[in-house]
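Novice: Sharing a structure, written as structure tokens. Questions coming.
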Amino acid sequence: MPLVEEVAKRSIERISMHSHIKGLGLDENGRAKFMGDGMVGQVKAREAAGIAVELIKRGKLAGKGILLVGPTGSGKTAIAMGIARELGEDVPFVQIAGSEIYSAEVNKTEFLKQAMRRAIGVRISEERKVYEGEVRKIDVHRSKHPLNPYVEIPDSVVIDLRTKDDERTIRAGREIAYQLIEMGVEEGDVIQIDAETGRVSKVGTTREEEGLFLKRRVNLPSGPVLKIKEFTYTVTLHDLDVANARGNIFGLLFSTGAEISDEVRQRVDETVKKWIEDGRAVLVPGVLFIDECHMLDIEAFSFLARAMEGELAPILILATNRGRTTIRGTDIEAPHGIPIDMLDRLLIINTEPYGRDEIREIVKIRAREERIEISDEAVERLAELGEKTSLRYAVQLLAPASVLAKGARVEREHVEKAREYFADLKRSIELVEKLEGMLR
């Protein structure tokens with residue numbers, strides 16, 4: 001199948017836990033609204049994050065980072081993503097867990113190098129032949145994963161695009177389908193698709209957006225759908241590293257090392273600097289978010305401390321739910337399991353457990369995002385369960401409750417039935433302890 005083809009005359013489901021986050025939900029004075037941009041509650045933490053965003057924009061956070069500290073399920077990842085969204089729609093956001101660095105494929109510093117370079121974008125503008133228009137209809141065809149028959153993956157996509165003067169239907173392959181899903185493209189959005197490379201760029205939306213899910217409002221494009229115009233897209237430094245290593249791509253992909261040499265990276269950096277000097281590109285520092293940072297060892301912290309001061313470095317955000325704990329790889333106990341010299345480089349933001357009112361609104365947001373119709377009684381019951389157990393447990397019950405409702409509106413009885421099938425942590429522990437007691 002060609003990359004993009006026109007054809008003659010179901011919607012995307014986004015189930016990412018934080019797909020609804022559009023920003024920090026602050027007003028023009030930097031004050032956090034109770035609910036805005038998909039964020040709910042955590043007023044103090046969001047306002048602190050807003051100050052951090054202002055420091056980043058002014059270039060005052062160079063060589064420093066942010067540490068989010070709070071209990072599990074208190075919105076640390078959401079705040080990190082909100083910071084990235086405040087910096088710009090196309091700002092790269094890379095999320096990893098501290099335990100991921102212990103990979104058999106590459107060494108720890110190589111893994112962190114790749115993560116950091118995935119979090120630095122290069123915005124390039126050039127004249128291209130593009131399909132541009134408002135999405136009238138989008139139909140993603142899915143097929144079974146070749147290695148896991150229980151998982152479906154995008155196979156192709158058919159899109160109806162229209163402008164004031166033209167309307168066309170195009171069919172595209174898996175790569176474009178993946179891009180559309182990752183960007184959360186839906187009906188009413190205005191997009192551009194490079195006719196030759198298949199790269200997708202989201203311009204904005206023509207719809208009247210509600211305050212909760214604010215997007216940039218744009219007018220309906222004019223002229224033909226297929227046109228030649230300036231096309232702006234963002235690639236990461238890691239993408240350019242891989243492209244420049246393709247002279248040895250077989251070895252890169254299939255060797256046990258799977259590493260990119262420093263010579264390749266240096267060549268990419270020199271090329272990017274030349275593009276910037278010539279006005280062809282703009283550097284877009286993104287966000288590298290490392291959850292469970294207490295899992296990092298002393299070697300990883302040493303590398304990050306040095307890399308943060310580099311010329312090409314993303315904004316580093318760490319998160320942990322630990323108090324005092326041993327620094328991995330040593331017998332030294334430190335706050336949050338982080339070396340003191342690293343802590344001195346971090347602005348610390350605390351998050352707190354959500355209350356019932358906040359959990360209620362988050363459940364409503366997730367139900368809307370996952371397109372689940374739910375009654376007020378069911379929402380109230382989930383808010384109650386979330387307050388007694390955890391926010392994540394309450395949100396996780398939404399999908400099984402929807403299955404039990406067979407696609408109809410989720411009622412309280414569906415939530416109760418889902419709760420019977422799927423235990424929360426407290427009930428699970430109580431059951432195991434009871435059974436252990438019977439064996440004594």
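All residue names refer to the structure tokens as shown: chains lettered A, B, ... in order, residues numbered from 1 in each chain, ligands numbered from 1 in order.
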Using only C-alpha atoms, which protein or nucleic acid residues come within 7 Å of segment 338-354 of chain A? Drop anything in the same chain fewer than 2 positions from it, and give the result as a list in words.
Specialist: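 Answer for this query is Gln42, Ala45, Ala48, Lys64, Gly65, Ile66, Leu67, Leu68, Val69, Gly70, Pro71, Ser74, Lys76, His294, Ala305, Ile327, Ala334, Pro335, His336, Arg356, Glu358 and Ile359 of chain A.
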Novice: Env of Ala80 of chain A: 12 Å cut, atoms = only C-alpha atoms, seq-sep filter 2 positions within chain, self excluded. Answer as JSON, numbers by chain.
Specialist: {"A": [18, 21, 22, 23, 24, 39, 45, 46, 48, 49, 50, 52, 53, 65, 66, 67, 68, 69, 74, 75, 76, 77, 78, 82, 83, 84, 85, 86, 87, 92, 93, 94, 95, 286, 287, 288, 289, 290, 291, 315, 316, 317, 318, 319, 349, 351]}
Novice: Would you kindly return, as a list in words, each protein, DNA or RNA residue with an atom no farther than 12 Å from any atom of Arg267 of chain A, considering only C-alpha atoms and excluding same-chain residues fewer than 2 positions away?
Specialist: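 Those residues are Leu237, Leu240, Asp241, Val242, Ala243, Asn244, Ala245, Ile260, Ser261, Asp262, Glu263, Val264, Arg265, Asp269, Glu270, Thr271, Val272, Lys273 and Lys274 of chain A.
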Novice: With only C-alpha atoms as the counted atoms, please give the residues lying no more than 7 Å from segment 187-190 of chain A, apart from itself and same-chain residues fewer than 6 positions off, as a PyMOL selection string.
Specialist: chain A and resi 133-138+202-207
Novice: Would you mind listing what lies within 10 Å of Ala195 of chain A as JSON, numbers by chain, with only C-alpha atoms counted and same-chain residues fewer than 3 positions away left out?
Specialist: {"A": [3, 4, 5, 128, 129, 130, 131, 132, 192, 198, 199, 200, 226, 227, 228]}
Novice: Which residues in segment 118-185 of chain A does DSSP call strand (DSSP E)? List them as a compact mmCIF listing (two decimals) with all heavy atoms, in the first residue's frame.
Specialist:
```
# COMPACT_ATOMS: atom_id res chain seq x y z
N ILE A 120 14.50 15.90 23.48
CA ILE A 120 14.92 17.17 22.88
C ILE A 120 14.46 17.18 21.43
O ILE A 120 14.85 16.32 20.64
CB ILE A 120 16.45 17.35 22.95
CG1 ILE A 120 16.93 17.32 24.40
CG2 ILE A 120 16.85 18.68 22.30
CD1 ILE A 120 18.43 17.34 24.54
N GLY A 121 13.63 18.13 21.07
CA GLY A 121 13.08 18.19 19.72
C GLY A 121 13.78 19.22 18.85
O GLY A 121 14.42 20.15 19.34
N VAL A 122 13.66 19.02 17.55
CA VAL A 122 14.16 19.98 16.56
C VAL A 122 12.98 20.31 15.65
O VAL A 122 12.48 19.44 14.93
CB VAL A 122 15.33 19.40 15.73
CG1 VAL A 122 15.83 20.45 14.74
CG2 VAL A 122 16.45 18.92 16.64
N ARG A 123 12.50 21.56 15.72
CA ARG A 123 11.35 21.98 14.91
C ARG A 123 11.85 22.48 13.57
O ARG A 123 12.61 23.44 13.49
CB ARG A 123 10.56 23.06 15.64
CG ARG A 123 9.24 23.42 14.97
CD ARG A 123 8.54 24.53 15.71
NE ARG A 123 8.14 24.14 17.05
CZ ARG A 123 8.35 24.87 18.14
NH1 ARG A 123 9.01 26.01 18.04
NH2 ARG A 123 7.94 24.45 19.32
N ILE A 124 11.42 21.79 12.51
CA ILE A 124 11.91 22.08 11.16
C ILE A 124 10.77 22.59 10.30
O ILE A 124 9.66 22.03 10.33
CB ILE A 124 12.53 20.81 10.53
CG1 ILE A 124 13.67 20.28 11.42
CG2 ILE A 124 13.02 21.08 9.12
CD1 ILE A 124 14.15 18.90 11.02
N SER A 125 11.03 23.64 9.53
CA SER A 125 10.02 24.18 8.60
C SER A 125 10.57 24.11 7.18
O SER A 125 11.71 24.51 6.92
CB SER A 125 9.69 25.64 8.95
OG SER A 125 9.10 25.72 10.23
N GLU A 126 9.75 23.58 6.27
CA GLU A 126 10.14 23.52 4.85
C GLU A 126 8.90 23.42 3.99
O GLU A 126 7.83 23.03 4.46
CB GLU A 126 11.07 22.33 4.61
CG GLU A 126 10.50 21.00 5.06
CD GLU A 126 11.53 19.88 4.94
OE1 GLU A 126 12.65 20.13 4.50
OE2 GLU A 126 11.19 18.75 5.31
N GLU A 127 9.03 23.79 2.72
CA GLU A 127 7.90 23.70 1.79
C GLU A 127 7.72 22.25 1.34
O GLU A 127 8.67 21.63 0.87
CB GLU A 127 8.13 24.62 0.58
CG GLU A 127 7.81 26.07 0.86
CD GLU A 127 7.49 26.85 -0.40
OE1 GLU A 127 7.77 26.32 -1.50
OE2 GLU A 127 6.95 27.96 -0.29
N ARG A 128 6.50 21.75 1.51
CA ARG A 128 6.23 20.36 1.17
C ARG A 128 4.84 20.27 0.51
O ARG A 128 4.02 21.17 0.63
CB ARG A 128 6.22 19.48 2.42
CG ARG A 128 7.44 19.57 3.30
CD ARG A 128 8.62 18.88 2.72
NE ARG A 128 8.42 17.44 2.63
CZ ARG A 128 9.33 16.59 2.22
NH1 ARG A 128 10.52 17.04 1.82
NH2 ARG A 128 9.10 15.30 2.17
N LYS A 129 4.61 19.15 -0.16
CA LYS A 129 3.27 18.85 -0.67
C LYS A 129 2.51 18.18 0.47
O LYS A 129 2.92 17.11 0.96
CB LYS A 129 3.36 17.92 -1.87
CG LYS A 129 2.00 17.65 -2.54
CD LYS A 129 2.13 16.66 -3.68
CE LYS A 129 2.80 17.30 -4.88
NZ LYS A 129 2.77 16.39 -6.05
N VAL A 130 1.43 18.81 0.91
CA VAL A 130 0.73 18.30 2.10
C VAL A 130 -0.78 18.20 1.85
O VAL A 130 -1.35 18.93 1.03
CB VAL A 130 0.97 19.21 3.34
CG1 VAL A 130 2.43 19.26 3.71
CG2 VAL A 130 0.41 20.61 3.11
N TYR A 131 -1.39 17.26 2.57
CA TYR A 131 -2.84 17.21 2.68
C TYR A 131 -3.20 17.99 3.94
O TYR A 131 -2.76 17.67 5.04
CB TYR A 131 -3.33 15.76 2.83
CG TYR A 131 -3.21 14.92 1.58
CD1 TYR A 131 -2.09 14.13 1.36
CD2 TYR A 131 -4.22 14.93 0.62
CE1 TYR A 131 -1.97 13.36 0.22
CE2 TYR A 131 -4.11 14.15 -0.53
CZ TYR A 131 -2.98 13.37 -0.72
OH TYR A 131 -2.86 12.61 -1.85
N GLU A 132 -4.01 19.03 3.78
CA GLU A 132 -4.39 19.86 4.93
C GLU A 132 -5.90 20.03 4.93
O GLU A 132 -6.52 20.32 3.90
CB GLU A 132 -3.72 21.23 4.86
CG GLU A 132 -4.10 22.12 6.04
CD GLU A 132 -3.57 23.53 5.90
OE1 GLU A 132 -3.77 24.13 4.82
OE2 GLU A 132 -2.95 24.04 6.85
N GLY A 133 -6.52 19.88 6.08
CA GLY A 133 -7.95 20.08 6.19
C GLY A 133 -8.49 19.69 7.55
O GLY A 133 -7.77 19.17 8.41
N GLU A 134 -9.79 19.92 7.71
CA GLU A 134 -10.48 19.52 8.93
C GLU A 134 -10.88 18.05 8.82
O GLU A 134 -11.36 17.60 7.77
CB GLU A 134 -11.72 20.39 9.13
CG GLU A 134 -12.54 20.00 10.36
CD GLU A 134 -13.94 20.58 10.31
OE1 GLU A 134 -14.52 20.67 9.21
OE2 GLU A 134 -14.47 20.90 11.38
N VAL A 135 -10.69 17.32 9.89
CA VAL A 135 -11.07 15.91 9.92
C VAL A 135 -12.59 15.82 10.08
O VAL A 135 -13.14 16.18 11.11
CB VAL A 135 -10.36 15.17 11.07
CG1 VAL A 135 -10.82 13.72 11.13
CG2 VAL A 135 -8.86 15.24 10.92
N ARG A 136 -13.26 15.34 9.03
CA ARG A 136 -14.71 15.15 9.10
C ARG A 136 -15.06 13.78 9.64
O ARG A 136 -16.05 13.59 10.34
CB ARG A 136 -15.33 15.31 7.69
CG ARG A 136 -15.23 16.70 7.12
CD ARG A 136 -15.93 17.73 7.98
NE ARG A 136 -17.32 17.38 8.23
CZ ARG A 136 -18.33 17.64 7.40
NH1 ARG A 136 -18.09 18.24 6.24
NH2 ARG A 136 -19.56 17.31 7.72
N LYS A 137 -14.24 12.79 9.27
CA LYS A 137 -14.46 11.43 9.73
C LYS A 137 -13.13 10.71 9.75
O LYS A 137 -12.29 10.92 8.89
CB LYS A 137 -15.45 10.69 8.81
CG LYS A 137 -15.83 9.31 9.29
CD LYS A 137 -16.81 8.65 8.34
CE LYS A 137 -17.16 7.24 8.79
NZ LYS A 137 -18.05 6.54 7.84
N ILE A 138 -12.94 9.87 10.77
CA ILE A 138 -11.70 9.11 10.88
C ILE A 138 -12.04 7.67 11.25
O ILE A 138 -12.80 7.43 12.19
CB ILE A 138 -10.74 9.77 11.89
CG1 ILE A 138 -9.41 9.02 11.96
CG2 ILE A 138 -11.35 9.88 13.27
CD1 ILE A 138 -8.32 9.81 12.67
N ASP A 139 -11.53 6.74 10.48
CA ASP A 139 -11.86 5.33 10.68
C ASP A 139 -10.55 4.53 10.71
O ASP A 139 -9.89 4.38 9.70
CB ASP A 139 -12.77 4.84 9.55
CG ASP A 139 -13.23 3.40 9.78
OD1 ASP A 139 -12.97 2.86 10.87
OD2 ASP A 139 -13.84 2.82 8.85
N VAL A 140 -10.20 4.05 11.92
CA VAL A 140 -8.95 3.29 12.09
C VAL A 140 -9.27 1.80 12.02
O VAL A 140 -10.10 1.30 12.78
CB VAL A 140 -8.28 3.62 13.44
CG1 VAL A 140 -7.02 2.77 13.62
CG2 VAL A 140 -7.93 5.09 13.52
N HIS A 141 -8.61 1.12 11.08
CA HIS A 141 -8.78 -0.33 10.98
C HIS A 141 -7.71 -0.99 11.85
O HIS A 141 -6.53 -0.65 11.78
CB HIS A 141 -8.63 -0.79 9.53
CG HIS A 141 -8.77 -2.27 9.36
ND1 HIS A 141 -7.67 -3.11 9.30
CD2 HIS A 141 -9.86 -3.07 9.26
CE1 HIS A 141 -8.09 -4.36 9.17
NE2 HIS A 141 -9.41 -4.36 9.14
N ARG A 142 -8.13 -1.96 12.67
CA ARG A 142 -7.20 -2.63 13.58
C ARG A 142 -7.09 -4.11 13.22
O ARG A 142 -8.03 -4.70 12.71
CB ARG A 142 -7.65 -2.48 15.04
CG ARG A 142 -7.70 -1.02 15.50
CD ARG A 142 -8.33 -0.89 16.89
NE ARG A 142 -8.50 0.50 17.26
CZ ARG A 142 -7.61 1.22 17.92
NH1 ARG A 142 -6.46 0.65 18.27
NH2 ARG A 142 -7.83 2.48 18.24
N SER A 143 -5.93 -4.68 13.54
CA SER A 143 -5.71 -6.11 13.31
C SER A 143 -5.00 -6.70 14.51
O SER A 143 -4.49 -5.98 15.37
CB SER A 143 -4.88 -6.33 12.03
OG SER A 143 -3.62 -5.68 12.15
N LYS A 144 -4.94 -8.02 14.57
CA LYS A 144 -4.29 -8.71 15.69
C LYS A 144 -2.78 -8.46 15.64
O LYS A 144 -2.16 -8.45 14.58
CB LYS A 144 -4.55 -10.21 15.63
CG LYS A 144 -6.03 -10.60 15.75
CD LYS A 144 -6.58 -10.29 17.12
CE LYS A 144 -8.04 -10.78 17.23
NZ LYS A 144 -8.62 -10.42 18.55
N GLU A 152 -4.87 -5.78 19.85
CA GLU A 152 -5.11 -5.24 18.53
C GLU A 152 -4.25 -4.00 18.31
O GLU A 152 -4.06 -3.20 19.23
CB GLU A 152 -6.58 -4.87 18.35
CG GLU A 152 -7.50 -6.09 18.22
CD GLU A 152 -8.90 -5.69 17.81
OE1 GLU A 152 -9.26 -4.51 18.02
OE2 GLU A 152 -9.62 -6.53 17.26
N ILE A 153 -3.71 -3.85 17.11
CA ILE A 153 -2.89 -2.69 16.77
C ILE A 153 -3.45 -2.03 15.51
O ILE A 153 -4.11 -2.67 14.70
CB ILE A 153 -1.41 -3.10 16.54
CG1 ILE A 153 -1.31 -4.15 15.42
CG2 ILE A 153 -0.79 -3.61 17.82
CD1 ILE A 153 0.12 -4.46 15.03
N PRO A 154 -3.21 -0.72 15.35
CA PRO A 154 -3.68 -0.04 14.14
C PRO A 154 -3.03 -0.63 12.89
O PRO A 154 -1.84 -0.92 12.89
CB PRO A 154 -3.25 1.41 14.36
CG PRO A 154 -3.00 1.53 15.81
CD PRO A 154 -2.55 0.20 16.27
N ASP A 155 -3.84 -0.84 11.87
CA ASP A 155 -3.33 -1.42 10.63
C ASP A 155 -3.35 -0.40 9.50
O ASP A 155 -2.42 -0.32 8.70
CB ASP A 155 -4.16 -2.65 10.26
CG ASP A 155 -3.60 -3.37 9.05
OD1 ASP A 155 -2.46 -3.88 9.13
OD2 ASP A 155 -4.28 -3.40 8.02
N SER A 156 -4.41 0.39 9.42
CA SER A 156 -4.54 1.45 8.41
C SER A 156 -5.59 2.43 8.89
O SER A 156 -6.27 2.20 9.89
CB SER A 156 -4.93 0.86 7.05
OG SER A 156 -6.18 0.22 7.13
N VAL A 157 -5.73 3.53 8.16
CA VAL A 157 -6.71 4.55 8.55
C VAL A 157 -7.28 5.20 7.30
O VAL A 157 -6.58 5.39 6.31
CB VAL A 157 -6.06 5.60 9.48
CG1 VAL A 157 -4.93 6.33 8.77
CG2 VAL A 157 -7.09 6.60 10.01
N VAL A 158 -8.57 5.51 7.35
CA VAL A 158 -9.24 6.26 6.28
C VAL A 158 -9.74 7.56 6.89
O VAL A 158 -10.42 7.56 7.91
CB VAL A 158 -10.41 5.46 5.67
CG1 VAL A 158 -11.13 6.31 4.63
CG2 VAL A 158 -9.90 4.16 5.05
N ILE A 159 -9.36 8.68 6.27
CA ILE A 159 -9.69 10.00 6.81
C ILE A 159 -10.41 10.83 5.77
O ILE A 159 -9.97 10.90 4.61
CB ILE A 159 -8.42 10.76 7.24
CG1 ILE A 159 -7.44 9.84 7.97
CG2 ILE A 159 -8.76 11.96 8.11
CD1 ILE A 159 -6.04 10.43 8.05
N ASP A 160 -11.51 11.45 6.17
CA ASP A 160 -12.19 12.45 5.33
C ASP A 160 -11.68 13.83 5.74
O ASP A 160 -11.84 14.23 6.90
CB ASP A 160 -13.71 12.39 5.53
CG ASP A 160 -14.32 11.14 4.92
OD1 ASP A 160 -13.61 10.45 4.16
OD2 ASP A 160 -15.49 10.84 5.21
N LEU A 161 -11.05 14.55 4.80
CA LEU A 161 -10.55 15.90 5.06
C LEU A 161 -11.32 16.89 4.21
O LEU A 161 -11.64 16.60 3.05
CB LEU A 161 -9.05 15.99 4.73
CG LEU A 161 -8.07 15.22 5.61
CD1 LEU A 161 -6.65 15.38 5.07
CD2 LEU A 161 -8.14 15.70 7.05
N ARG A 162 -11.58 18.07 4.78
CA ARG A 162 -12.28 19.09 3.99
C ARG A 162 -11.71 20.46 4.29
O ARG A 162 -11.17 20.74 5.37
CB ARG A 162 -13.78 19.07 4.29
CG ARG A 162 -14.14 19.62 5.64
CD ARG A 162 -15.53 20.21 5.65
NE ARG A 162 -15.81 20.85 6.93
CZ ARG A 162 -16.68 21.83 7.08
NH1 ARG A 162 -17.36 22.29 6.04
NH2 ARG A 162 -16.89 22.38 8.27
N GLU A 167 -12.97 18.75 -0.66
CA GLU A 167 -13.14 17.65 0.29
C GLU A 167 -12.58 16.38 -0.35
O GLU A 167 -12.88 16.07 -1.50
CB GLU A 167 -14.63 17.46 0.65
CG GLU A 167 -14.83 16.39 1.70
CD GLU A 167 -16.24 16.41 2.29
OE1 GLU A 167 -17.00 17.36 1.99
OE2 GLU A 167 -16.57 15.48 3.04
N ARG A 168 -11.75 15.66 0.40
CA ARG A 168 -11.17 14.42 -0.13
C ARG A 168 -11.10 13.37 0.96
O ARG A 168 -11.07 13.68 2.15
CB ARG A 168 -9.75 14.66 -0.65
CG ARG A 168 -9.66 15.62 -1.82
CD ARG A 168 -8.33 15.52 -2.52
NE ARG A 168 -8.15 16.58 -3.51
CZ ARG A 168 -7.19 16.60 -4.40
NH1 ARG A 168 -6.30 15.62 -4.45
NH2 ARG A 168 -7.07 17.59 -5.26
N THR A 169 -11.08 12.12 0.51
CA THR A 169 -10.90 10.99 1.42
C THR A 169 -9.57 10.33 1.09
O THR A 169 -9.29 10.04 -0.07
CB THR A 169 -12.04 9.96 1.25
OG1 THR A 169 -13.28 10.60 1.55
CG2 THR A 169 -11.84 8.77 2.17
N ILE A 170 -8.76 10.12 2.12
CA ILE A 170 -7.45 9.49 1.90
C ILE A 170 -7.31 8.26 2.79
O ILE A 170 -7.90 8.17 3.86
CB ILE A 170 -6.28 10.47 2.16
CG1 ILE A 170 -6.26 10.92 3.62
CG2 ILE A 170 -6.36 11.66 1.23
CD1 ILE A 170 -5.04 11.74 3.97
N ARG A 171 -6.56 7.31 2.28
CA ARG A 171 -6.25 6.11 3.04
C ARG A 171 -4.76 6.10 3.32
O ARG A 171 -3.97 6.40 2.43
CB ARG A 171 -6.66 4.85 2.28
CG ARG A 171 -6.34 3.56 3.05
CD ARG A 171 -6.57 2.32 2.22
NE ARG A 171 -7.99 2.09 1.99
CZ ARG A 171 -8.56 2.04 0.80
NH1 ARG A 171 -7.81 2.21 -0.29
NH2 ARG A 171 -9.85 1.81 0.67
N ALA A 172 -4.36 5.75 4.54
CA ALA A 172 -2.94 5.73 4.90
C ALA A 172 -2.64 4.47 5.70
O ALA A 172 -3.55 3.79 6.20
CB ALA A 172 -2.59 6.97 5.71
```
Novice: Tell me which of A:Asp165, A:Gly337, A:Gly38, A:Val235 sits closest to Gly223 of chain A, counting only C-alpha atoms.
Specialist: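 Of A:Asp165, A:Gly337, A:Gly38, A:Val235, the one nearest Gly223 of chain A is A:Asp165, counting only C-alpha atoms.
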Novice: I want to know what sits within 12 Å of Val403 of chain A, based on only C-alpha atoms, with residues of the same chain fewer than 6 positions away left out; could you give that as a tab-separated table (two decimals) with C-alpha atoms, in the first residue's frame?
Specialist:
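Result file follows (out_17.tsv):
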```
chain	number	residue	atom	x	y	z
A	372	ILE	CA	-18.29	5.91	28.94
A	373	GLU	CA	-21.77	7.11	29.88
A	397	LEU	CA	-13.17	0.12	37.81
A	409	ARG	CA	-25.00	3.67	30.86
A	410	VAL	CA	-22.94	2.55	33.85
A	411	GLU	CA	-25.10	2.41	36.99
A	414	HIS	CA	-22.38	-2.24	37.64
A	415	VAL	CA	-19.74	-0.55	39.81
A	417	LYS	CA	-20.37	-5.91	40.51
A	418	ALA	CA	-17.00	-4.78	39.18
```
Novice: Quick one: distance from atom CA of Glu377 of chain A to atom CA of Ile365 of chain A in Å, one decimal?
Specialist: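 So the two atoms, atom CA of Glu377 of chain A and atom CA of Ile365 of chain A, lie 15.5 Å apart.
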Novice: May I have the residues within 12 Å of Lys113 of chain A as a PyMOL selection string, using only C-alpha atoms and disregarding those fewer than 3 positions away in the same chain?
Specialist: chain A and resi 101+106-110+116-120+237-238+241+259-262+265+288+300+303-304+306-308+310+312-314
Novice: Using Å and a single decimal, report how far atom CA of Met81 of chain A sits from atom CA of Asp37 of chain A.
Specialist: 11.3 Å
Novice: Using only C-alpha atoms, find the one residue out of A:Glu309, A:Ile51, A:Gly41, A:Ala32 that sits nearest to Arg360 of chain A.
Specialist: A:Gly41
Novice: Please extract the residues of segment 60-286 of chain A with a backbone DSSP assignment of alpha helix (DSSP H) and present them as a ChimeraX atom specification.
Specialist: /A:76-87,108-118,174-183,237-244,249-254,262-277
Novice: Atoms to include: C-alpha atoms. Write the selected residues as a PDB file, in the first residue's frame.
Specialist:
```pdb
ATOM      1  CA  LYS A  76       2.822  13.445  40.011  1.00  0.00           C
ATOM      2  CA  THR A  77       2.817  12.181  36.414  1.00  0.00           C
ATOM      3  CA  ALA A  78      -0.127  14.451  35.555  1.00  0.00           C
ATOM      4  CA  ILE A  79       1.754  17.513  36.834  1.00  0.00           C
ATOM      5  CA  ALA A  80       4.880  16.543  34.879  1.00  0.00           C
ATOM      6  CA  MET A  81       2.808  16.163  31.715  1.00  0.00           C
ATOM      7  CA  GLY A  82       1.031  19.459  32.470  1.00  0.00           C
ATOM      8  CA  ILE A  83       4.415  21.214  32.587  1.00  0.00           C
ATOM      9  CA  ALA A  84       5.285  19.793  29.164  1.00  0.00           C
ATOM     10  CA  ARG A  85       1.909  20.882  27.713  1.00  0.00           C
ATOM     11  CA  GLU A  86       2.375  24.412  29.091  1.00  0.00           C
ATOM     12  CA  LEU A  87       5.676  24.654  27.221  1.00  0.00           C
ATOM     13  CA  LYS A 108      22.631   2.376  32.043  1.00  0.00           C
ATOM     14  CA  THR A 109      24.281   5.512  30.708  1.00  0.00           C
ATOM     15  CA  GLU A 110      23.399   4.619  27.100  1.00  0.00           C
ATOM     16  CA  PHE A 111      19.755   4.117  28.092  1.00  0.00           C
ATOM     17  CA  LEU A 112      19.704   7.522  29.812  1.00  0.00           C
ATOM     18  CA  LYS A 113      21.463   9.186  26.850  1.00  0.00           C
ATOM     19  CA  GLN A 114      18.802   7.863  24.475  1.00  0.00           C
ATOM     20  CA  ALA A 115      16.002   8.950  26.828  1.00  0.00           C
ATOM     21  CA  MET A 116      17.449  12.462  27.127  1.00  0.00           C
ATOM     22  CA  ARG A 117      17.855  12.831  23.367  1.00  0.00           C
ATOM     23  CA  ARG A 118      14.276  11.607  22.789  1.00  0.00           C
ATOM     24  CA  ARG A 174       0.065   1.882   9.965  1.00  0.00           C
ATOM     25  CA  GLU A 175       2.672   4.588  10.611  1.00  0.00           C
ATOM     26  CA  ILE A 176       0.211   7.422  10.033  1.00  0.00           C
ATOM     27  CA  ALA A 177      -2.482   5.608  12.050  1.00  0.00           C
ATOM     28  CA  TYR A 178      -0.077   5.389  14.992  1.00  0.00           C
ATOM     29  CA  GLN A 179       0.737   9.103  14.736  1.00  0.00           C
ATOM     30  CA  LEU A 180      -2.937  10.068  14.681  1.00  0.00           C
ATOM     31  CA  ILE A 181      -3.639   7.969  17.783  1.00  0.00           C
ATOM     32  CA  GLU A 182      -0.622   9.315  19.676  1.00  0.00           C
ATOM     33  CA  MET A 183      -1.671  12.889  18.903  1.00  0.00           C
ATOM     34  CA  LEU A 237      17.623  14.246  18.447  1.00  0.00           C
ATOM     35  CA  HIS A 238      17.301  10.497  18.973  1.00  0.00           C
ATOM     36  CA  ASP A 239      15.340  10.193  15.696  1.00  0.00           C
ATOM     37  CA  LEU A 240      18.197  11.987  13.927  1.00  0.00           C
ATOM     38  CA  ASP A 241      20.765   9.777  15.706  1.00  0.00           C
ATOM     39  CA  VAL A 242      19.044   6.644  14.422  1.00  0.00           C
ATOM     40  CA  ALA A 243      18.672   8.073  10.909  1.00  0.00           C
ATOM     41  CA  ASN A 244      22.390   8.916  10.812  1.00  0.00           C
ATOM     42  CA  ILE A 249      21.238  -0.060  10.835  1.00  0.00           C
ATOM     43  CA  PHE A 250      21.241  -3.882  10.760  1.00  0.00           C
ATOM     44  CA  GLY A 251      23.859  -4.000  13.467  1.00  0.00           C
ATOM     45  CA  LEU A 252      22.114  -1.201  15.359  1.00  0.00           C
ATOM     46  CA  LEU A 253      18.786  -3.017  15.535  1.00  0.00           C
ATOM     47  CA  PHE A 254      19.864  -6.620  15.936  1.00  0.00           C
ATOM     48  CA  ASP A 262      29.230   9.209  20.360  1.00  0.00           C
ATOM     49  CA  GLU A 263      30.664  10.053  16.921  1.00  0.00           C
ATOM     50  CA  VAL A 264      27.183   9.769  15.372  1.00  0.00           C
ATOM     51  CA  ARG A 265      25.688  11.954  18.096  1.00  0.00           C
ATOM     52  CA  GLN A 266      28.414  14.563  17.675  1.00  0.00           C
ATOM     53  CA  ARG A 267      27.774  14.645  13.916  1.00  0.00           C
ATOM     54  CA  VAL A 268      24.027  15.121  14.524  1.00  0.00           C
ATOM     55  CA  ASP A 269      24.663  17.927  17.034  1.00  0.00           C
ATOM     56  CA  GLU A 270      26.889  19.776  14.571  1.00  0.00           C
ATOM     57  CA  THR A 271      24.267  19.422  11.811  1.00  0.00           C
ATOM     58  CA  VAL A 272      21.467  20.672  14.071  1.00  0.00           C
ATOM     59  CA  LYS A 273      23.537  23.680  15.172  1.00  0.00           C
ATOM     60  CA  LYS A 274      24.144  24.555  11.510  1.00  0.00           C
ATOM     61  CA  TRP A 275      20.396  24.287  10.763  1.00  0.00           C
ATOM     62  CA  ILE A 276      19.674  26.630  13.673  1.00  0.00           C
ATOM     63  CA  GLU A 277      22.298  29.136  12.514  1.00  0.00           C
TER      64      GLU A 277
END
```
Novice: Using only C-alpha atoms, I'd like a table of the residues in segment 301-401 of chain A that come within 9 Å of segment 419-426 of chain A; for each, show the closest atom pair and its distance in Å rounded to one decimal, ordered by chain and ascending number, as JSON lines.
Specialist:
```
{"residue": "A:Thr389", "atom": "CA", "partner": "A:Asp424", "partner_atom": "CA", "distance": 6.8}
{"residue": "A:Ser390", "atom": "CA", "partner": "A:Asp424", "partner_atom": "CA", "distance": 8.4}
{"residue": "A:Tyr393", "atom": "CA", "partner": "A:Asp424", "partner_atom": "CA", "distance": 6.7}
{"residue": "A:Leu397", "atom": "CA", "partner": "A:Arg419", "partner_atom": "CA", "distance": 7.1}
{"residue": "A:Pro400", "atom": "CA", "partner": "A:Phe422", "partner_atom": "CA", "distance": 8.9}
{"residue": "A:Ala401", "atom": "CA", "partner": "A:Arg419", "partner_atom": "CA", "distance": 8.6}
```
